[in-house]
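Engineer: Contents of protein10.csv (CSV, C-alpha atoms and all ligand atoms) are below:
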```csv
chain,number,residue,atom,x,y,z
P,15,MET,CA,58.5,113.4,100.6
P,16,GLU,CA,60.3,113.8,103.8
P,17,LYS,CA,63.7,112.1,104.1
P,18,LYS,CA,64.3,109.8,107.0
P,19,TRP,CA,67.5,108.6,108.4
P,20,ILE,CA,67.3,105.2,110.0
P,21,LEU,CA,70.0,104.6,112.6
P,22,ARG,CA,71.2,101.2,113.6
P,23,ASN,CA,70.7,100.5,117.2
P,24,LYS,CA,74.0,99.5,118.8
P,25,LYS,CA,74.1,99.8,122.6
P,26,ALA,CA,76.0,102.4,124.5
P,27,ASP,CA,75.5,105.1,127.0
P,28,PHE,CA,74.7,107.8,124.4
P,29,TYR,CA,73.7,110.4,126.9
P,30,GLY,CA,76.8,109.9,129.0
P,31,LEU,CA,79.0,110.1,125.9
P,32,ALA,CA,77.1,113.1,124.5
P,33,GLU,CA,77.6,115.0,127.8
P,34,LYS,CA,81.3,114.1,128.1
P,35,PHE,CA,82.2,115.1,124.5
P,36,HIS,CA,79.7,118.0,124.1
P,37,ILE,CA,77.9,116.4,121.2
P,38,ASP,CA,74.3,115.5,120.4
P,39,PRO,CA,73.3,112.0,121.6
P,40,VAL,CA,72.3,111.2,118.0
P,41,ILE,CA,75.9,112.0,116.9
P,42,ALA,CA,77.1,109.7,119.7
P,43,ARG,CA,74.9,107.0,118.2
P,44,VAL,CA,76.2,107.5,114.7
P,45,ILE,CA,79.8,107.4,115.9
P,46,ARG,CA,79.1,104.2,117.9
P,47,ASN,CA,77.7,102.6,114.8
P,48,ARG,CA,81.2,103.0,113.2
P,49,GLU,CA,82.5,100.6,115.8
P,50,ILE,CA,83.9,103.4,117.9
P,51,VAL,CA,83.2,101.9,121.3
P,52,THR,CA,85.4,103.1,124.3
P,53,GLU,CA,85.7,106.6,125.6
P,54,GLU,CA,89.3,106.5,124.4
P,55,ASP,CA,88.1,105.6,120.9
P,56,PHE,CA,85.6,108.5,121.0
P,57,GLU,CA,88.4,110.9,122.1
P,58,ARG,CA,90.6,109.8,119.2
P,59,TYR,CA,87.7,109.9,116.7
P,60,LEU,CA,86.5,113.3,117.7
P,61,ASN,CA,89.7,115.1,118.5
P,62,GLY,CA,92.3,113.1,116.5
P,63,ARG,CA,94.8,113.6,119.3
P,64,PHE,CA,97.0,110.7,118.8
P,65,GLU,CA,100.3,110.0,117.0
P,66,LEU,CA,100.1,108.2,113.8
P,67,TYR,CA,101.3,104.6,114.0
P,68,ASP,CA,105.0,103.8,113.7
P,69,PRO,CA,105.7,102.8,110.1
P,70,HIS,CA,108.5,100.4,111.2
P,71,GLN,CA,105.8,98.2,112.5
P,72,MET,CA,104.9,97.2,109.0
P,73,LYS,CA,106.3,93.9,107.9
P,74,ASP,CA,109.3,94.2,105.5
P,75,MET,CA,109.2,98.0,105.8
P,76,ASP,CA,112.8,98.4,106.9
P,77,LYS,CA,114.0,95.7,104.5
P,78,GLY,CA,112.2,97.3,101.6
P,79,ALA,CA,113.3,100.9,102.4
P,80,ASN,CA,116.9,99.7,102.9
P,81,LEU,CA,116.8,97.9,99.5
P,82,ILE,CA,115.7,101.2,97.8
P,83,LYS,CA,118.3,103.2,99.8
P,84,THR,CA,121.1,100.9,98.5
P,85,ALA,CA,119.7,101.0,95.0
P,86,ILE,CA,119.7,104.8,95.1
P,87,GLN,CA,123.3,104.9,96.5
P,88,GLU,CA,124.4,102.5,93.7
P,89,GLN,CA,122.6,104.7,91.2
P,90,LYS,CA,120.6,101.8,89.9
P,91,LYS,CA,117.6,102.5,87.7
P,92,ILE,CA,114.4,102.3,89.6
P,93,ARG,CA,110.9,102.1,88.1
P,94,ILE,CA,107.7,102.7,90.0
P,95,ILE,CA,104.7,100.7,88.8
P,96,SER,CA,101.3,101.7,90.1
P,97,ASP,CA,97.6,101.1,89.3
P,98,TYR,CA,95.8,103.6,87.0
P,99,ASP,CA,93.1,104.7,89.5
P,100,VAL,CA,93.3,107.7,91.8
P,101,ASP,CA,94.9,105.7,94.6
P,102,GLY,CA,97.5,104.4,92.1
P,103,ILE,CA,98.3,107.8,90.6
P,104,MET,CA,98.6,109.4,94.1
P,105,SER,CA,100.9,106.5,95.3
P,106,ASN,CA,103.0,106.8,92.2
P,107,TYR,CA,103.3,110.6,92.6
P,108,ILE,CA,104.3,110.3,96.3
P,109,LEU,CA,107.0,107.7,95.6
P,110,TYR,CA,108.3,109.4,92.5
P,111,LYS,CA,108.7,112.8,94.2
P,112,ALA,CA,110.2,111.2,97.3
P,113,LEU,CA,112.7,109.1,95.4
P,114,THR,CA,113.6,112.1,93.3
P,115,ARG,CA,114.2,114.0,96.5
P,116,CYS,CA,116.6,111.2,97.6
P,117,LYS,CA,118.4,111.7,94.2
P,118,ALA,CA,117.3,108.4,92.8
P,119,LYS,CA,117.5,107.5,89.1
P,120,VAL,CA,113.8,106.9,88.9
P,121,ASP,CA,110.9,106.9,86.4
P,122,TYR,CA,107.3,105.7,86.6
P,123,ARG,CA,104.9,103.5,84.7
P,124,ILE,CA,101.2,103.5,85.0
P,125,PRO,CA,99.3,100.7,83.2
P,126,ASP,CA,97.0,101.7,80.5
P,127,ARG,CA,93.7,100.1,81.4
P,128,LEU,CA,92.8,99.1,77.8
P,129,VAL,CA,96.3,98.0,76.7
P,130,ASP,CA,97.8,96.6,79.9
P,131,GLY,CA,94.8,95.9,82.2
P,132,TYR,CA,95.2,96.0,85.9
P,133,GLY,CA,98.5,96.2,87.7
P,134,MET,CA,101.9,95.0,86.7
P,135,ASN,CA,102.2,92.3,84.0
P,136,GLU,CA,105.0,90.4,82.3
P,137,ASN,CA,105.1,92.8,79.3
P,138,MET,CA,105.8,95.7,81.7
P,139,VAL,CA,108.6,93.7,83.4
P,140,ARG,CA,110.1,92.9,80.0
P,141,GLU,CA,109.8,96.6,79.0
P,142,ALA,CA,111.5,97.7,82.2
P,143,TYR,CA,114.3,95.2,81.7
P,144,ASN,CA,114.8,96.4,78.1
P,145,ASP,CA,115.0,100.0,79.4
P,146,GLY,CA,117.8,99.0,81.8
P,147,VAL,CA,115.7,99.1,84.9
P,148,GLN,CA,117.2,97.1,87.8
P,149,VAL,CA,114.7,97.7,90.5
P,150,LEU,CA,110.9,97.6,90.4
P,151,LEU,CA,109.0,99.3,93.2
P,152,THR,CA,105.2,98.7,93.1
P,153,CYS,CA,102.4,100.7,94.7
P,154,ASP,CA,98.7,100.1,95.0
P,155,ASN,CA,99.4,96.8,93.2
P,156,GLY,CA,101.9,94.0,93.2
P,157,ILE,CA,100.6,91.7,96.0
P,158,SER,CA,98.9,89.5,93.4
P,159,ALA,CA,101.4,89.9,90.6
P,160,LEU,CA,103.1,86.6,91.5
P,161,LEU,CA,104.1,85.5,88.0
P,162,PRO,CA,105.3,88.9,86.7
P,163,ILE,CA,107.4,89.2,89.9
P,164,ALA,CA,108.9,85.7,89.5
P,165,TYR,CA,109.7,86.7,85.9
P,166,ALA,CA,111.5,89.9,87.1
P,167,LYS,CA,113.5,87.9,89.7
P,168,ASN,CA,114.6,85.5,86.9
P,169,LEU,CA,115.8,88.5,85.0
P,170,GLY,CA,117.9,89.4,88.0
P,171,MET,CA,115.9,92.4,89.1
P,172,THR,CA,115.2,93.6,92.6
P,173,VAL,CA,111.4,93.9,93.4
P,174,VAL,CA,109.9,95.8,96.3
P,175,VAL,CA,106.2,95.6,96.7
P,176,THR,CA,104.1,98.1,98.5
P,177,ASP,CA,100.3,97.4,98.4
P,178,HIS,CA,97.2,97.3,100.4
P,179,HIS,CA,95.1,94.7,98.6
P,180,ASP,CA,94.2,91.3,100.0
P,181,ILE,CA,96.8,88.6,100.0
P,182,PRO,CA,96.1,86.0,97.3
P,183,PHE,CA,95.3,82.5,98.7
P,184,GLU,CA,94.1,79.1,97.8
P,185,TYR,CA,92.4,76.5,99.9
P,186,ASP,CA,94.4,73.4,100.7
P,187,GLU,CA,93.0,69.8,100.9
P,188,THR,CA,91.7,70.3,104.4
P,189,GLY,CA,89.9,73.5,103.3
P,190,LYS,CA,92.4,75.7,105.1
P,191,LYS,CA,93.4,79.0,103.6
P,192,GLU,CA,96.9,78.9,102.2
P,193,TYR,CA,98.5,82.2,101.3
P,194,THR,CA,100.6,82.1,98.1
P,195,PRO,CA,104.1,83.4,98.8
P,196,SER,CA,105.6,86.1,96.7
P,197,VAL,CA,109.2,85.9,95.6
P,198,ALA,CA,109.6,89.7,95.8
P,199,ASP,CA,112.6,90.9,97.9
P,200,ALA,CA,110.3,92.8,100.2
P,201,VAL,CA,106.5,92.7,100.5
P,202,ILE,CA,105.0,95.6,102.4
P,203,ASP,CA,101.3,95.1,102.7
P,204,PRO,CA,99.6,95.6,106.1
P,205,LYS,CA,97.0,93.0,105.2
P,206,GLN,CA,99.5,90.2,105.6
P,207,GLU,CA,98.6,87.9,108.5
P,208,ASP,CA,102.1,88.1,110.0
P,209,CYS,CA,102.2,91.9,109.7
P,210,SER,CA,101.8,93.6,113.1
P,211,TYR,CA,100.8,97.0,111.9
P,212,PRO,CA,97.7,98.0,114.0
P,213,PHE,CA,95.6,99.5,111.2
P,214,PRO,CA,95.5,97.4,107.9
P,215,GLN,CA,92.9,99.6,106.3
P,216,LEU,CA,95.2,102.1,104.7
P,217,CYS,CA,94.9,102.8,101.0
P,218,GLY,CA,97.9,102.2,98.6
P,219,ALA,CA,99.0,105.9,98.9
P,220,GLY,CA,98.8,105.5,102.7
P,221,VAL,CA,101.2,102.6,102.6
P,222,ALA,CA,103.4,104.5,100.1
P,223,TRP,CA,103.5,107.5,102.4
P,224,LYS,CA,104.6,105.3,105.4
P,225,PHE,CA,107.3,104.0,103.1
P,226,VAL,CA,108.5,107.5,102.4
P,227,GLN,CA,108.6,108.3,106.2
P,228,VAL,CA,111.1,105.5,106.6
P,229,LEU,CA,113.0,106.2,103.5
P,230,TYR,CA,113.4,109.9,104.4
P,231,SER,CA,114.7,108.9,107.9
P,232,LEU,CA,117.3,106.7,106.2
P,233,PHE,CA,118.5,109.7,104.2
P,234,ASP,CA,118.4,112.1,107.2
P,235,ILE,CA,115.7,114.2,105.5
P,236,ASP,CA,113.5,116.1,107.9
P,237,GLU,CA,110.3,114.2,108.7
P,238,GLY,CA,108.2,117.4,108.3
P,239,GLU,CA,109.0,117.2,104.6
P,240,THR,CA,106.7,114.1,104.3
P,241,GLU,CA,103.7,116.3,105.1
P,242,GLU,CA,103.6,117.8,101.7
P,243,PHE,CA,102.3,114.4,100.5
P,244,LEU,CA,99.3,114.2,103.0
P,245,GLU,CA,96.9,115.9,100.6
P,246,PHE,CA,97.6,113.2,98.1
P,247,VAL,CA,97.1,110.5,100.7
P,248,ALA,CA,93.8,112.2,101.7
P,249,MET,CA,92.6,112.2,98.0
P,250,ALA,CA,93.5,108.5,97.6
P,251,THR,CA,91.9,107.5,100.9
P,252,VAL,CA,88.6,109.1,100.0
P,253,CYS,CA,88.6,108.1,96.3
P,254,ASP,CA,89.5,104.5,97.2
P,255,VAL,CA,86.5,104.5,99.6
P,256,MET,CA,88.5,103.5,102.6
P,257,GLU,CA,86.8,103.5,106.0
P,258,LEU,CA,87.2,107.0,107.4
P,259,ARG,CA,88.1,106.0,111.0
P,260,ASP,CA,91.2,105.6,113.0
P,261,GLU,CA,94.4,106.5,111.2
P,262,ASN,CA,92.6,107.2,107.9
P,263,ARG,CA,90.5,109.8,109.6
P,264,ILE,CA,93.6,111.6,110.8
P,265,LEU,CA,95.3,111.3,107.5
P,266,VAL,CA,92.3,112.8,105.6
P,267,LYS,CA,91.9,115.6,108.2
P,268,ARG,CA,95.5,116.6,108.0
P,269,GLY,CA,95.6,116.1,104.3
P,270,LEU,CA,92.7,118.5,103.8
P,271,GLU,CA,94.5,121.1,105.8
P,272,GLU,CA,97.5,120.7,103.5
P,273,LEU,CA,95.3,120.8,100.4
P,274,ASN,CA,93.7,124.1,101.4
P,275,ARG,CA,97.1,125.7,101.2
P,276,THR,CA,98.6,123.5,98.6
P,277,GLY,CA,101.8,124.6,96.8
P,278,ASN,CA,101.4,121.9,94.1
P,279,LEU,CA,100.8,123.9,90.9
P,280,GLY,CA,98.9,121.0,89.2
P,281,MET,CA,96.6,120.7,92.2
P,282,ARG,CA,96.1,124.5,92.3
P,283,ALA,CA,95.3,124.5,88.6
P,284,LEU,CA,92.8,121.7,89.1
P,285,LEU,CA,91.1,123.6,91.9
P,286,ARG,CA,90.9,126.7,89.8
P,287,VAL,CA,89.4,125.1,86.7
P,288,ASN,CA,86.8,123.5,88.9
P,289,GLU,CA,86.1,126.9,90.4
P,290,LEU,CA,87.3,125.9,93.8
P,291,GLY,CA,90.2,128.3,94.0
P,292,ASN,CA,88.7,130.3,96.8
P,293,LYS,CA,86.6,127.6,98.5
P,294,LYS,CA,87.2,125.5,101.5
P,295,ILE,CA,88.0,122.1,100.2
P,296,GLU,CA,86.3,119.2,102.0
P,297,ALA,CA,86.2,115.4,101.6
P,298,TYR,CA,83.2,115.9,99.3
P,299,HIS,CA,85.4,117.7,96.7
P,300,LEU,CA,88.0,115.0,96.8
P,301,GLY,CA,85.5,112.2,96.1
P,302,PHE,CA,83.1,114.0,93.7
P,303,VAL,CA,85.0,116.8,91.9
P,304,LEU,CA,88.8,116.4,92.0
P,305,GLY,CA,89.0,112.6,92.2
P,306,PRO,CA,86.8,112.0,89.1
P,307,CYS,CA,89.0,114.5,87.1
P,308,LEU,CA,92.1,112.6,88.0
P,309,ASN,CA,90.4,109.2,87.4
P,310,SER,CA,88.9,110.1,84.0
P,311,THR,CA,92.2,109.4,82.4
P,312,GLY,CA,92.5,105.8,83.5
P,313,ARG,CA,89.4,105.1,81.6
P,314,LEU,CA,89.8,107.1,78.4
P,315,GLU,CA,93.5,107.9,78.1
P,316,ASN,CA,96.6,107.1,79.9
P,317,ALA,CA,96.5,108.1,83.6
P,318,LYS,CA,100.0,109.5,83.0
P,319,LEU,CA,98.2,112.8,82.1
P,320,ALA,CA,97.0,113.1,85.7
P,321,LEU,CA,100.5,112.4,87.0
P,322,ASP,CA,102.0,114.9,84.6
P,323,LEU,CA,99.6,117.5,85.9
P,324,LEU,CA,100.8,117.0,89.5
P,325,LEU,CA,104.4,117.1,88.4
P,326,GLU,CA,104.0,120.3,86.2
P,327,LYS,CA,106.3,123.1,87.2
P,328,ASP,CA,104.7,125.9,85.1
P,329,TYR,CA,101.4,127.2,86.3
P,330,ASP,CA,100.1,128.2,82.8
P,331,ARG,CA,100.8,124.8,81.5
P,332,ALA,CA,99.3,123.3,84.6
P,333,LEU,CA,96.1,125.2,83.9
P,334,LYS,CA,96.0,123.8,80.3
P,335,ARG,CA,96.4,120.3,81.7
P,336,GLY,CA,93.8,120.9,84.3
P,337,GLU,CA,91.3,122.0,81.6
P,338,GLN,CA,92.2,119.0,79.6
P,339,LEU,CA,91.4,116.6,82.5
P,340,LYS,CA,88.2,118.4,83.3
P,341,ALA,CA,87.1,118.2,79.7
P,342,LEU,CA,88.0,114.4,79.7
P,343,ASN,CA,85.9,114.0,82.8
P,344,GLU,CA,82.9,115.8,81.2
P,345,GLU,CA,83.3,113.5,78.2
P,346,ARG,CA,83.2,110.5,80.4
P,347,LYS,CA,80.1,111.7,82.1
P,348,GLU,CA,78.4,112.1,78.7
P,349,MET,CA,79.4,108.6,77.8
P,350,THR,CA,78.1,107.1,81.0
P,351,TRP,CA,75.2,109.3,81.4
P,352,CYS,CA,72.1,107.9,83.1
P,353,ALA,CA,69.5,109.5,85.3
P,354,GLY,CA,70.7,109.5,88.9
P,355,CYS,CA,74.4,109.0,88.3
P,356,HIS,CA,75.2,112.6,87.4
P,401,MN,MN,94.0,101.2,96.1
```
Any chance you could give the structure as structure tokens?
Structural biologist:
Amino acid sequence: MEKKWILRNKKADFYGLAEKFHIDPVIARVIRNREIVTEEDFERYLNGRFELYDPHQMKDMDKGANLIKTAIQEQKKIRIISDYDVDGIMSNYILYKALTRCKAKVDYRIPDRLVDGYGMNENMVREAYNDGVQVLLTCDNGISALLPIAYAKNLGMTVVVTDHHDIPFEYDETGKKEYTPSVADAVIDPKQEDCSYPFPQLCGAGVAWKFVQVLYSLFDIDEGETEEFLEFVAMATVCDVMELRDENRILVKRGLEELNRTGNLGMRALLRVNELGNKKIEAYHLGFVLGPCLNSTGRLENAKLALDLLLEKDYDRALKRGEQLKALNEERKEMTWCAGCH
């Protein structure tokens, strides 16, 4: 049977656009269907020639980064708490590496899906408190952890939230949406109504990366050093199924360039065990080969295995960890086997 693509029919001057940008009119139509409308939008979409947005535009960004800076200078114990999926693991990795670079006393915690469930909970706050942690930094979760955060505040901890999920709300008597305020010391989430960041569709790792840009500038660390994290932002953006337009498209494009010459031993090992060592890595590989390997752990074991792989400093050990993750992913595939989802 012949396959047919049916294109939505949004109006635009496809022939004019095609001629101007040297593309096929059908491509112009596909792009238009992604809500890319003006010539300026087309230019940005096709050629990616624009500066990424200024991270300072994000609400509470400066406040949150300064709180972490002070905590680092005062050598307070900081714990990063993420989610267990690929976006969570990537966010956690980015923040952990960056805070370590700033000489922070920092560790990380990823919830175990079976034991802890999704995101930060009161047990994890208590556990951090008992470990002498004074500052909690969340990524890819935290916006809806209102009670655990209130609990942490009662225990005298500082809480900085970075997230990209929707802001929790209730309807008031008149049926109007009422957002439930968080008592965290800083809430960085571009989905907040009063946040003026122009592109709220970043993934958790995207927000974390923006945070690192600001943190590095506070420590006078060269901005170029943040680029080593782009491959992880790209991985998270694709695996969290974010819209691949606007800033996300640029982040993924640049991240793929980084990934193709990655210096991260864990990532190199993961490429090698998936027989991708000499191949050009594209978005497909992020979403369908590498991502599932990193994700397999959140389901069957603790996602910490995946983070440990990315932090591994010895290549032979990294290879062993890579094999282990790949095997776990195979096991998961066996367990969830069905025709059509292989
Ligand atoms: Mn996410």
Engineer: List the neighbours of Arg275 in chain P out to 12 Å using all atoms listed in the file; skip same-chain residues closer than 2 positions along the sequence, and give me the result as a CSV table (one decimal) with C-alpha atoms, keeping the file's coordinate frame.
Structural biologist:
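The resulting selection_31.csv:
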```csv
chain,number,residue,atom,x,y,z
P,242,GLU,CA,103.6,117.8,101.7
P,244,LEU,CA,99.3,114.2,103.0
P,245,GLU,CA,96.9,115.9,100.6
P,268,ARG,CA,95.5,116.6,108.0
P,269,GLY,CA,95.6,116.1,104.3
P,270,LEU,CA,92.7,118.5,103.8
P,271,GLU,CA,94.5,121.1,105.8
P,272,GLU,CA,97.5,120.7,103.5
P,273,LEU,CA,95.3,120.8,100.4
P,277,GLY,CA,101.8,124.6,96.8
P,278,ASN,CA,101.4,121.9,94.1
P,279,LEU,CA,100.8,123.9,90.9
P,281,MET,CA,96.6,120.7,92.2
P,282,ARG,CA,96.1,124.5,92.3
P,285,LEU,CA,91.1,123.6,91.9
P,291,GLY,CA,90.2,128.3,94.0
P,292,ASN,CA,88.7,130.3,96.8
P,293,LYS,CA,86.6,127.6,98.5
P,294,LYS,CA,87.2,125.5,101.5
P,295,ILE,CA,88.0,122.1,100.2
```
Engineer: Please identify the residues whose atoms come within 12 Å of ligand MN 401 (chain P), using all atoms listed in the file, and report them as a PyMOL selection string.
Structural biologist: chain P and resi 96-106+132-133+152-157+176-180+203+215-222+247+249-256
Engineer: For Lys119 in chain P, please output as a PyMOL selection string all residues within 7 Å (counting all atoms listed in the file; exclusion window: fewer than 6 positions along the same chain).
Structural biologist: chain P and resi 86+89-92
Engineer: Do you have, as CSV, the list of residues of range 108-200 of chain P lying at most 12 Å from range 325-337 of chain P, each with its nearest atom pair and that distance in Å to one decimal, counting only C-alpha atoms and ordered by chain then number?
Structural biologist:
```
residue,atom,partner,partner_atom,distance
P:Ile108,CA,P:Leu325,CA,10.4
P:Tyr110,CA,P:Leu325,CA,9.6
P:Lys111,CA,P:Leu325,CA,8.4
P:Thr114,CA,P:Leu325,CA,11.6
P:Tyr122,CA,P:Leu325,CA,11.9
```
Engineer: What gap, in Å, lies between CA of Leu150 in chain P and CA of Arg93 in chain P?
Structural biologist: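 Computing the Euclidean distance for CA of Leu150 in chain P and CA of Arg93 in chain P yields 5.1 Å.
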Engineer: Might you pull out every residue within 10 Å of Glu344 in chain P, with all atoms listed in the file counted and same-chain residues fewer than 6 positions away left off, and present them as a count of residues only?
Structural biologist: 5
Engineer: CA of Cys116 in chain P and CA of Met171 in chain P, how far apart in Å?
Structural biologist: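 Taking CA of Met171 in chain P and CA of Cys116 in chain P, their separation equals 20.6 Å.
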Engineer: Smallest atom-to-atom distance to Gln227 in chain P: which of P:Asp260, P:Asp68, P:Asp38, P:Glu192, using only C-alpha atoms?
Structural biologist: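 Of P:Asp260, P:Asp68, P:Asp38, P:Glu192, the one nearest Gln227 in chain P, counting only C-alpha atoms, is P:Asp68.
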Engineer: Using all atoms listed in the file, can you tell me which of P:Glu54, P:Ile20, P:Ala79, P:Lys167 comes closest to Leu109 in chain P?
Structural biologist: P:Ala79
Engineer: Just give me the gap between CA of Tyr67 in chain P and CA of Lys224 in chain P in Å, one decimal is fine.
Structural biologist: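 CA of Lys224 in chain P lies 9.2 Å from CA of Tyr67 in chain P.
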Engineer: Pick out the closest residue to His299 in chain P from this set: P:Ala198, P:Val120, P:Asn274, P:Ala283. Count all atoms listed in the file.
Structural biologist: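 Closest candidate: P:Asn274.
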Engineer: Using all atoms listed in the file, I'd like a table of the residues in range 209-313 of chain P that come within 12 Å of range 49-52 of chain P; for each, show the closest atom pair and its distance in Å rounded to one decimal, ordered by chain and ascending number, as a Markdown table.
Structural biologist:
```
| residue | atom | partner | partner_atom | distance |
| --- | --- | --- | --- | --- |
| P:Glu257 | CA | P:Glu49 | CA | 11.1 |
| P:Leu258 | CA | P:Glu49 | CA | 11.6 |
| P:Arg259 | CA | P:Ile50 | CA | 8.5 |
| P:Asp260 | CA | P:Ile50 | CA | 9.1 |
```
Engineer: Could you pull the residues within 7 Å of range 211-213 of chain P, counting all atoms listed in the file, minus those fewer than 6 positions along the same chain, as a ChimeraX atom specification?
Structural biologist: /P:71-72,204
Engineer: Okay, now the selection with C-alpha atoms, as a PDB file, in the frame of the given file?
Structural biologist:
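Saved the output as again-v6.pdb:
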```pdb
ATOM      1  CA  GLN P  71     105.800  98.200 112.500  1.00  0.00           C
ATOM      2  CA  MET P  72     104.900  97.200 109.000  1.00  0.00           C
ATOM      3  CA  PRO P 204      99.600  95.600 106.100  1.00  0.00           C
TER       4      PRO P 204
END
```
Engineer: Just the residues within 9 Å of range 35-37 of chain P, please, counting only C-alpha atoms, with nothing from its chain fewer than 4 positions along; format it as a ChimeraX atom specification.
Structural biologist: /P:30-31,41-42,56-57,60
Engineer: For a quick check of understanding, using all atoms listed in the file, which of P:Met75, P:Ala142, P:Ala26, P:Ile264 has the smallest distance to Val228 in chain P?
Structural biologist: P:Met75
Engineer: When you count all atoms listed in the file, which of these residues is closest to Val147 in chain P: P:Ile94, P:Asn47, P:Pro182, P:Ser196?
Structural biologist: P:Ile94
Engineer: Considering all atoms listed in the file, can you say which of P:Glu88, P:Asp145, P:Glu136, P:Glu237 comes closest to Ala118 in chain P?
Structural biologist: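 The shortest atom-to-atom distance to Ala118 in chain P comes from P:Glu88.
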